[in-house]
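Participant: File name model-v6.txt; file contents compact mmCIF, C-alpha atoms; full text below.
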# COMPACT_ATOMS: atom_id res chain seq x y z
CA MET W 1 2.42 -9.30 -17.16
CA ASN W 2 0.93 -7.40 -20.11
CA ASP W 3 2.15 -4.11 -21.55
CA GLN W 4 -0.75 -2.17 -20.07
CA GLY W 5 0.81 -1.95 -16.66
CA GLU W 6 -0.68 -2.89 -13.35
CA ARG W 7 -2.25 -0.68 -10.77
CA VAL W 8 -2.27 -1.14 -7.00
CA GLU W 9 -4.44 0.90 -4.66
CA VAL W 10 -2.33 2.02 -1.72
CA THR W 11 -4.31 2.32 1.49
CA SER W 12 -2.30 0.31 4.02
CA ASP W 13 1.17 -1.01 4.97
CA ARG W 14 0.29 -4.23 3.21
CA ASP W 15 -0.17 -2.40 -0.10
CA VAL W 16 3.36 -0.99 0.17
CA VAL W 17 4.61 -4.59 0.32
CA ARG W 18 2.44 -5.41 -2.74
CA VAL W 19 3.96 -2.48 -4.64
CA ARG W 20 7.46 -3.77 -3.87
CA GLN W 21 6.55 -7.24 -5.12
CA LEU W 22 4.90 -5.91 -8.27
CA VAL W 23 7.89 -3.69 -9.11
CA ARG W 24 10.33 -6.54 -8.46
CA THR W 25 8.43 -8.85 -10.83
CA ALA W 26 8.30 -6.15 -13.51
CA ALA W 27 12.01 -5.31 -13.10
CA VAL W 28 12.99 -8.95 -13.47
CA ALA W 29 10.76 -9.28 -16.55
CA VAL W 30 12.59 -6.48 -18.44
CA LYS W 31 15.94 -7.85 -17.23
CA LEU W 32 17.16 -4.94 -15.14
CA SER W 33 20.48 -5.82 -13.51
CA LEU W 34 20.31 -7.04 -9.91
CA VAL W 35 21.63 -3.74 -8.54
CA ASP W 36 19.16 -1.75 -10.66
CA GLN W 37 16.29 -4.01 -9.57
CA THR W 38 17.28 -3.38 -5.96
CA LYS W 39 17.50 0.38 -6.51
CA LEU W 40 14.12 0.53 -8.26
CA VAL W 41 12.31 -1.59 -5.68
CA THR W 42 13.84 0.48 -2.87
CA ALA W 43 12.81 3.75 -4.56
CA ALA W 44 9.29 2.34 -5.09
CA SER W 45 9.08 1.37 -1.43
CA GLU W 46 10.01 4.90 -0.33
CA LEU W 47 7.58 6.59 -2.72
CA ALA W 48 4.69 4.19 -2.04
CA ARG W 49 5.13 4.82 1.67
CA ASN W 50 5.03 8.58 0.99
CA THR W 51 1.80 8.09 -0.97
CA LEU W 52 0.35 6.32 2.06
CA VAL W 53 1.76 8.42 4.90
CA TYR W 54 1.82 11.93 3.41
CA GLY W 55 -0.74 11.58 0.62
CA GLY W 56 -3.27 9.75 2.76
CA GLY W 57 -3.32 6.89 0.27
CA GLY W 58 -3.60 6.74 -3.50
CA TRP W 59 -2.49 4.41 -6.25
CA VAL W 60 0.66 3.13 -7.90
CA GLU W 61 0.93 1.99 -11.50
CA VAL W 62 3.82 -0.08 -12.81
CA ALA W 63 4.41 -0.49 -16.54
CA PRO W 64 7.19 -1.63 -18.84
CA VAL W 65 8.42 1.02 -21.30
CA ASP W 66 10.39 0.76 -24.51
CA SER W 67 12.15 3.77 -26.02
CA GLY W 68 13.11 1.80 -29.11
CA ARG W 69 16.72 1.88 -27.97
CA ARG W 70 16.22 0.31 -24.59
CA LYS W 71 13.68 -1.10 -22.22
CA GLY W 72 12.78 -0.04 -18.74
CA ILE W 73 10.14 0.32 -16.07
CA ARG W 74 7.98 3.35 -15.41
CA ILE W 75 6.13 3.76 -12.13
CA VAL W 76 3.53 6.38 -11.28
CA PHE W 77 2.65 7.23 -7.66
CA ALA W 78 -0.47 9.36 -7.26
CA ASP W 79 -2.37 10.73 -4.32
CA GLN W 80 -4.96 13.42 -3.73
CA GLY W 81 -3.48 14.51 -0.44
CA PRO W 82 -2.34 17.94 0.74
CA GLY W 83 0.37 18.35 -1.92
CA ILE W 84 3.86 19.69 -1.30
CA ALA W 85 4.13 23.42 -0.57
CA ASP W 86 7.90 23.78 -0.90
CA LEU W 87 9.22 21.25 -3.36
CA ASP W 88 12.89 22.29 -3.10
CA LEU W 89 12.75 21.83 0.65
CA ALA W 90 10.95 18.48 0.36
CA LEU W 91 13.70 17.26 -1.96
CA THR W 92 16.43 18.20 0.51
CA ASP W 93 18.21 15.35 2.27
CA GLY W 94 17.19 15.16 5.89
CA TYR W 95 14.10 17.35 5.65
CA THR W 96 10.96 15.69 6.98
CA THR W 97 7.55 16.67 8.26
CA GLY W 98 6.62 13.14 9.22
CA GLY W 99 9.24 12.13 11.75
CA GLY W 100 11.17 9.96 9.28
CA LEU W 101 14.76 10.31 8.17
CA GLY W 102 13.95 12.73 5.36
CA LEU W 103 15.54 10.49 2.77
CA GLY W 104 12.47 9.06 1.05
CA LEU W 105 11.94 11.64 -1.69
CA SER W 106 15.55 12.82 -2.14
CA GLY W 107 16.94 9.30 -1.85
CA ALA W 108 14.42 7.79 -4.25
CA ARG W 109 15.32 10.45 -6.84
CA ARG W 110 18.97 9.34 -6.72
CA LEU W 111 18.01 5.70 -7.24
CA VAL W 112 16.17 6.15 -10.56
CA ASP W 113 17.12 7.51 -14.00
CA GLU W 114 14.18 9.85 -14.48
CA PHE W 115 12.17 11.54 -11.77
CA ASP W 116 9.23 13.83 -12.40
CA ILE W 117 7.02 15.38 -9.76
CA ALA W 118 3.78 17.31 -10.17
CA THR W 119 2.21 18.69 -7.03
CA ALA W 120 -0.31 21.33 -6.06
CA VAL W 121 -1.29 22.33 -2.55
CA GLY W 122 -4.70 20.92 -1.71
CA GLU W 123 -4.86 18.80 -4.86
CA GLY W 124 -2.27 16.09 -4.45
CA THR W 125 1.01 14.80 -5.76
CA THR W 126 1.95 12.64 -8.74
CA ILE W 127 5.45 11.30 -9.07
CA THR W 128 6.68 9.44 -12.15
CA VAL W 129 9.96 7.56 -12.14
CA THR W 130 11.73 5.54 -14.82
CA LYS W 131 14.62 3.13 -14.64
CA TRP W 132 16.25 2.02 -17.92
CA CYS W 133 18.16 -1.13 -18.67
CA ARG W 134 21.85 -0.41 -19.24
CA MET H 1 0.00 -9.83 11.31
CA GLU H 2 3.14 -11.86 10.80
CA ARG H 3 5.86 -11.84 13.46
CA VAL H 4 9.59 -12.28 13.17
CA PRO H 5 10.83 -15.08 15.48
CA ILE H 6 13.63 -14.41 17.97
CA LEU H 7 15.87 -17.36 18.89
CA LYS H 8 18.06 -17.56 21.97
CA ILE H 9 21.43 -19.26 21.45
CA GLY H 10 23.57 -19.15 24.57
CA ASP H 11 24.12 -15.49 25.43
CA ILE H 12 22.91 -14.29 22.04
CA LEU H 13 19.51 -13.50 20.55
CA LEU H 14 19.33 -14.38 16.86
CA VAL H 15 16.80 -12.78 14.55
CA SER H 16 16.64 -13.94 10.95
CA ILE H 17 14.28 -11.81 8.89
CA GLN H 18 12.82 -14.10 6.24
CA ILE H 19 9.80 -12.09 5.10
CA ASP H 20 9.15 -8.85 3.25
CA MET H 21 8.10 -6.95 6.38
CA GLU H 22 5.19 -4.57 6.57
CA ASP H 23 6.19 -1.49 8.56
CA GLN H 24 4.09 -2.64 11.51
CA VAL H 25 5.93 -5.98 11.58
CA ALA H 26 9.26 -4.14 11.82
CA LEU H 27 7.98 -2.02 14.71
CA GLN H 28 6.66 -5.14 16.45
CA LEU H 29 10.09 -6.75 16.12
CA GLN H 30 11.63 -3.71 17.79
CA GLU H 31 9.33 -4.16 20.81
CA ASP H 32 9.62 -7.95 20.96
CA LEU H 33 13.40 -7.75 20.90
CA ALA H 34 13.55 -5.21 23.74
CA ASP H 35 11.30 -7.50 25.81
CA ARG H 36 13.42 -10.56 25.05
CA ILE H 37 16.70 -8.81 25.92
CA VAL H 38 15.32 -7.88 29.33
CA ALA H 39 13.68 -11.29 29.88
CA THR H 40 16.80 -13.30 28.96
CA GLY H 41 19.59 -10.95 30.03
CA CYS H 42 21.37 -11.67 26.75
CA HIS H 43 24.28 -9.37 25.93
CA GLY H 44 24.30 -9.80 22.16
CA VAL H 45 21.82 -9.51 19.31
CA ILE H 46 22.43 -10.73 15.78
CA ILE H 47 20.05 -9.65 13.04
CA ASP H 48 20.42 -11.68 9.86
CA ILE H 49 19.15 -9.79 6.80
CA SER H 50 20.59 -12.13 4.16
CA ALA H 51 17.07 -12.96 2.96
CA LEU H 52 16.12 -9.30 2.43
CA ASP H 53 16.41 -8.15 -1.16
CA ILE H 54 15.91 -4.53 -0.18
CA VAL H 55 16.43 -2.38 2.91
CA ASP H 56 14.63 0.94 2.58
CA SER H 57 14.91 3.94 4.89
CA PHE H 58 12.17 2.63 7.18
CA VAL H 59 13.82 -0.75 7.76
CA GLY H 60 17.22 0.98 8.00
CA ARG H 61 15.91 3.30 10.67
CA THR H 62 14.32 0.38 12.50
CA LEU H 63 17.65 -1.47 12.55
CA ALA H 64 19.38 1.64 13.92
CA THR H 65 16.69 2.04 16.58
CA ILE H 66 16.99 -1.61 17.59
CA ALA H 67 20.76 -1.19 17.96
CA ALA H 68 20.26 1.91 20.11
CA ILE H 69 17.62 0.27 22.32
CA SER H 70 19.79 -2.83 22.76
CA LYS H 71 22.74 -0.67 23.79
CA VAL H 72 20.68 0.98 26.50
CA LEU H 73 19.68 -2.51 27.68
CA ASP H 74 23.36 -3.59 27.83
CA ALA H 75 23.35 -5.66 24.65
CA ASP H 76 25.41 -5.19 21.48
CA THR H 77 23.78 -5.57 18.07
CA VAL H 78 25.39 -6.82 14.89
CA VAL H 79 23.55 -6.80 11.56
CA VAL H 80 24.79 -9.62 9.34
CA GLY H 81 24.36 -10.91 5.82
CA MET H 82 23.66 -7.73 3.89
CA ARG H 83 23.60 -8.43 0.16
CA PRO H 84 26.02 -6.41 -2.02
CA ALA H 85 23.19 -4.83 -4.06
CA VAL H 86 21.47 -3.79 -0.83
CA ALA H 87 24.67 -2.16 0.45
CA ILE H 88 25.13 -0.23 -2.81
CA THR H 89 21.51 0.92 -2.76
CA LEU H 90 21.55 1.95 0.90
CA VAL H 91 24.59 4.16 0.43
CA GLU H 92 23.11 5.79 -2.68
CA LEU H 93 19.84 6.31 -0.82
CA GLY H 94 21.90 8.28 1.70
CA LEU H 95 21.63 5.82 4.56
CA SER H 96 25.03 4.74 5.82
CA LEU H 97 23.60 3.23 9.03
CA PRO H 98 25.81 5.01 11.54
CA GLY H 99 25.86 3.29 14.91
CA ILE H 100 25.17 -0.12 13.40
CA ARG H 101 27.84 -2.79 13.53
CA THR H 102 27.87 -5.19 10.63
CA ALA H 103 29.47 -8.54 9.82
CA LEU H 104 29.33 -10.60 6.66
CA ASN H 105 27.58 -13.63 8.19
CA VAL H 106 26.18 -15.04 11.42
CA GLU H 107 29.42 -16.80 12.32
CA LEU H 108 31.53 -13.65 11.99
CA GLY H 109 28.83 -11.74 13.85
CA MET H 110 29.08 -14.15 16.79
CA GLU H 111 32.88 -13.78 16.79
CA MET H 112 32.51 -10.01 16.80
CA LEU H 113 30.16 -10.12 19.79
CA ALA H 114 32.49 -12.48 21.67
CA ARG H 115 35.48 -10.18 21.00
CA GLU H 116 33.47 -7.17 22.05
CA ARG H 117 32.51 -8.78 25.33
CA ALA H 118 36.11 -9.80 26.02
CA THR H 119 37.40 -6.29 25.23
CA ASP H 120 34.77 -4.69 27.45
CA GLY H 121 36.13 -6.78 30.32
CA GLU H 122 39.71 -5.63 29.64
CA ASP H 123 38.64 -2.00 29.47
CA ASP H 124 37.09 -2.33 32.90
CA ASP H 125 40.37 -3.70 34.24
CA GLU H 126 42.40 -0.89 32.71
CA ASP H 127 40.04 1.66 34.18
CA GLY H 128 40.53 0.03 37.56
CA VAL H 129 44.31 0.33 37.25
CA GLU H 130 44.14 3.98 36.19
CA ASP H 131 41.87 4.76 39.09
CA THR H 132 44.33 3.46 41.64
CA GLU H 133 47.28 5.18 39.95
CA THR H 134 45.63 8.57 39.65
CA PRO H 135 45.97 9.67 43.26
CA ALA H 136 49.72 8.91 43.18
CA VAL H 137 50.42 11.19 40.18
CA PRO H 138 49.78 14.75 41.54
CA THR H 139 51.66 16.50 44.35
CA PRO H 140 55.27 16.31 43.09
For the structure just supplied, provide its representation as structure tokens.

Facilitator:
Amino acid sequence: MNDQGERVEVTSDRDVVRVRQLVRTAAVAVKLSLVDQTKLVTAASELARNTLVYGGGGWVEVAPVDSGRRKGIRIVFADQGPGIADLDLALTDGYTTGGGLGLGLSGARRLVDEFDIATAVGEGTTITVTKWCR
Amino acid sequence: MERVPILKIGDILLVSIQIDMEDQVALQLQEDLADRIVATGCHGVIIDISALDIVDSFVGRTLATIAAISKVLDADTVVVGMRPAVAITLVELGLSLPGIRTALNVELGMEMLARERATDGEDDDEDGVEDTETPAVPTP
């Protein structure tokens, strides 16, 4: 894997599996601990599914990052779907508009070190997460 | 689409998930298992997830749904073999899998199901005893 990062188009269930595999490979490569690998892959699975189900598809980009002090993995999830009207509500445990458990967004945020979300109604949603090696 | 095999061992259906499941595969498993419980009359289901390196909210919810469906079809479900990192992640995700019984491995899962079945029998007996005693208690 090069330092440019790798991008996966997310248009089906199968692509969510590909995202998990890509993130796992990247997490192993930067030597995240086993628990942190598991947390990052799980968060990526939740967010990639959101990109597919709520965003109507989009792309995911996985790249290694290096702050100088430590290494990590940064993942971007982007869609051009309907966007999120009430972000606070969407980040509340148990809130869902899609018939799920309402843990995807709020749960994924707990599993990573940095979580950034940019969304606009009618334009789409971009979520960037980072997990650092300890 | 791949399918997760379901094995019948005595009175138990054993499912060992060995692949990174697409969501559709998990939903298919839910249906296949319901069909097999009815077709075989098995009273126990063991789902081995020792090969899974993650369980996200979708798979977690599927496991909970399978347990609920099995219960309605008179079968108990035990999920076995969860890896420590998966357990830590699930709890932090906010999914504590209420309603799902767990055991550390297949062997302990089978023991749990056997115990459960034996206890169910005893409970029935106790109920029977209470029923016959009840009429004698009132009217002092």

Participant: Using only C-alpha atoms and a distance of at most 12 Å, pull out the residues of chain W that contact chain H, as a count of residues only.

Facilitator: 48

Participant: If you count only C-alpha atoms, which residues fall within 12 Å of Arg69 of chain W, apart from same-chain ones fewer than 5 positions away, as a count of residues only?

Facilitator: 3

Participant: Could you pull the residues within 12 Å of Ser70 of chain H, counting all atoms listed in the file, minus those fewer than 4 positions along the same chain, as a PDB file with C-alpha atoms, in the coordinates of the input?

Facilitator:
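So the final result, stored in selection_29.pdb, reads:
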ATOM      1  CA  ILE H  12      22.910 -14.290  22.040  1.00  0.00           C
ATOM      2  CA  LEU H  13      19.510 -13.500  20.550  1.00  0.00           C
ATOM      3  CA  GLN H  30      11.630  -3.710  17.790  1.00  0.00           C
ATOM      4  CA  GLU H  31       9.330  -4.160  20.810  1.00  0.00           C
ATOM      5  CA  ASP H  32       9.620  -7.950  20.960  1.00  0.00           C
ATOM      6  CA  LEU H  33      13.400  -7.750  20.900  1.00  0.00           C
ATOM      7  CA  ALA H  34      13.550  -5.210  23.740  1.00  0.00           C
ATOM      8  CA  ASP H  35      11.300  -7.500  25.810  1.00  0.00           C
ATOM      9  CA  ARG H  36      13.420 -10.560  25.050  1.00  0.00           C
ATOM     10  CA  ILE H  37      16.700  -8.810  25.920  1.00  0.00           C
ATOM     11  CA  VAL H  38      15.320  -7.880  29.330  1.00  0.00           C
ATOM     12  CA  GLY H  41      19.590 -10.950  30.030  1.00  0.00           C
ATOM     13  CA  CYS H  42      21.370 -11.670  26.750  1.00  0.00           C
ATOM     14  CA  HIS H  43      24.280  -9.370  25.930  1.00  0.00           C
ATOM     15  CA  GLY H  44      24.300  -9.800  22.160  1.00  0.00           C
ATOM     16  CA  VAL H  45      21.820  -9.510  19.310  1.00  0.00           C
ATOM     17  CA  ILE H  46      22.430 -10.730  15.780  1.00  0.00           C
ATOM     18  CA  ILE H  47      20.050  -9.650  13.040  1.00  0.00           C
ATOM     19  CA  LEU H  63      17.650  -1.470  12.550  1.00  0.00           C
ATOM     20  CA  ALA H  64      19.380   1.640  13.920  1.00  0.00           C
ATOM     21  CA  THR H  65      16.690   2.040  16.580  1.00  0.00           C
ATOM     22  CA  ILE H  66      16.990  -1.610  17.590  1.00  0.00           C
ATOM     23  CA  ASP H  74      23.360  -3.590  27.830  1.00  0.00           C
ATOM     24  CA  ALA H  75      23.350  -5.660  24.650  1.00  0.00           C
ATOM     25  CA  ASP H  76      25.410  -5.190  21.480  1.00  0.00           C
ATOM     26  CA  THR H  77      23.780  -5.570  18.070  1.00  0.00           C
ATOM     27  CA  VAL H  78      25.390  -6.820  14.890  1.00  0.00           C
ATOM     28  CA  GLY H  99      25.860   3.290  14.910  1.00  0.00           C
ATOM     29  CA  ILE H 100      25.170  -0.120  13.400  1.00  0.00           C
TER      30      ILE H 100
END

Participant: Residues around (5.6, 19.3, -2.7), cut-off 9 Å, counting only C-alpha atoms - what are they as a PyMOL selection string?

Facilitator: chain W and resi 82-91+117-121+124-125

Participant: Convert the current residue selection to file output with C-alpha atoms, as an mmCIF file, keeping the file's coordinate frame.

Facilitator:
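Heads up, here's the output in selection.cif:
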data_model
loop_
_atom_site.group_PDB
_atom_site.id
_atom_site.type_symbol
_atom_site.label_atom_id
_atom_site.label_comp_id
_atom_site.auth_asym_id
_atom_site.auth_seq_id
_atom_site.Cartn_x
_atom_site.Cartn_y
_atom_site.Cartn_z
ATOM 1 C CA PRO W 82 -2.340 17.940 0.740
ATOM 2 C CA GLY W 83 0.370 18.350 -1.920
ATOM 3 C CA ILE W 84 3.860 19.690 -1.300
ATOM 4 C CA ALA W 85 4.130 23.420 -0.570
ATOM 5 C CA ASP W 86 7.900 23.780 -0.900
ATOM 6 C CA LEU W 87 9.220 21.250 -3.360
ATOM 7 C CA ASP W 88 12.890 22.290 -3.100
ATOM 8 C CA LEU W 89 12.750 21.830 0.650
ATOM 9 C CA ALA W 90 10.950 18.480 0.360
ATOM 10 C CA LEU W 91 13.700 17.260 -1.960
ATOM 11 C CA ILE W 117 7.020 15.380 -9.760
ATOM 12 C CA ALA W 118 3.780 17.310 -10.170
ATOM 13 C CA THR W 119 2.210 18.690 -7.030
ATOM 14 C CA ALA W 120 -0.310 21.330 -6.060
ATOM 15 C CA VAL W 121 -1.290 22.330 -2.550
ATOM 16 C CA GLY W 124 -2.270 16.090 -4.450
ATOM 17 C CA THR W 125 1.010 14.800 -5.760
#

Participant: Grab the atom CA of Tyr95 of chain W to atom CA of Val23 of chain W distance for me, in Å with one decimal place.

Facilitator: 26.4 Å

Participant: Report, in Å to a single decimal, how far apart atom CA of Arg83 of chain H and atom CA of Ile17 of chain H are.

Facilitator: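 Atom-to-atom, atom CA of Ile17 of chain H and atom CA of Arg83 of chain H are spaced 13.2 Å apart.
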
Participant: One decimal, Å: what's the distance from atom CA of Met82 of chain H over to atom CA of Ala103 of chain H, could you say?

Facilitator: 8.3 Å
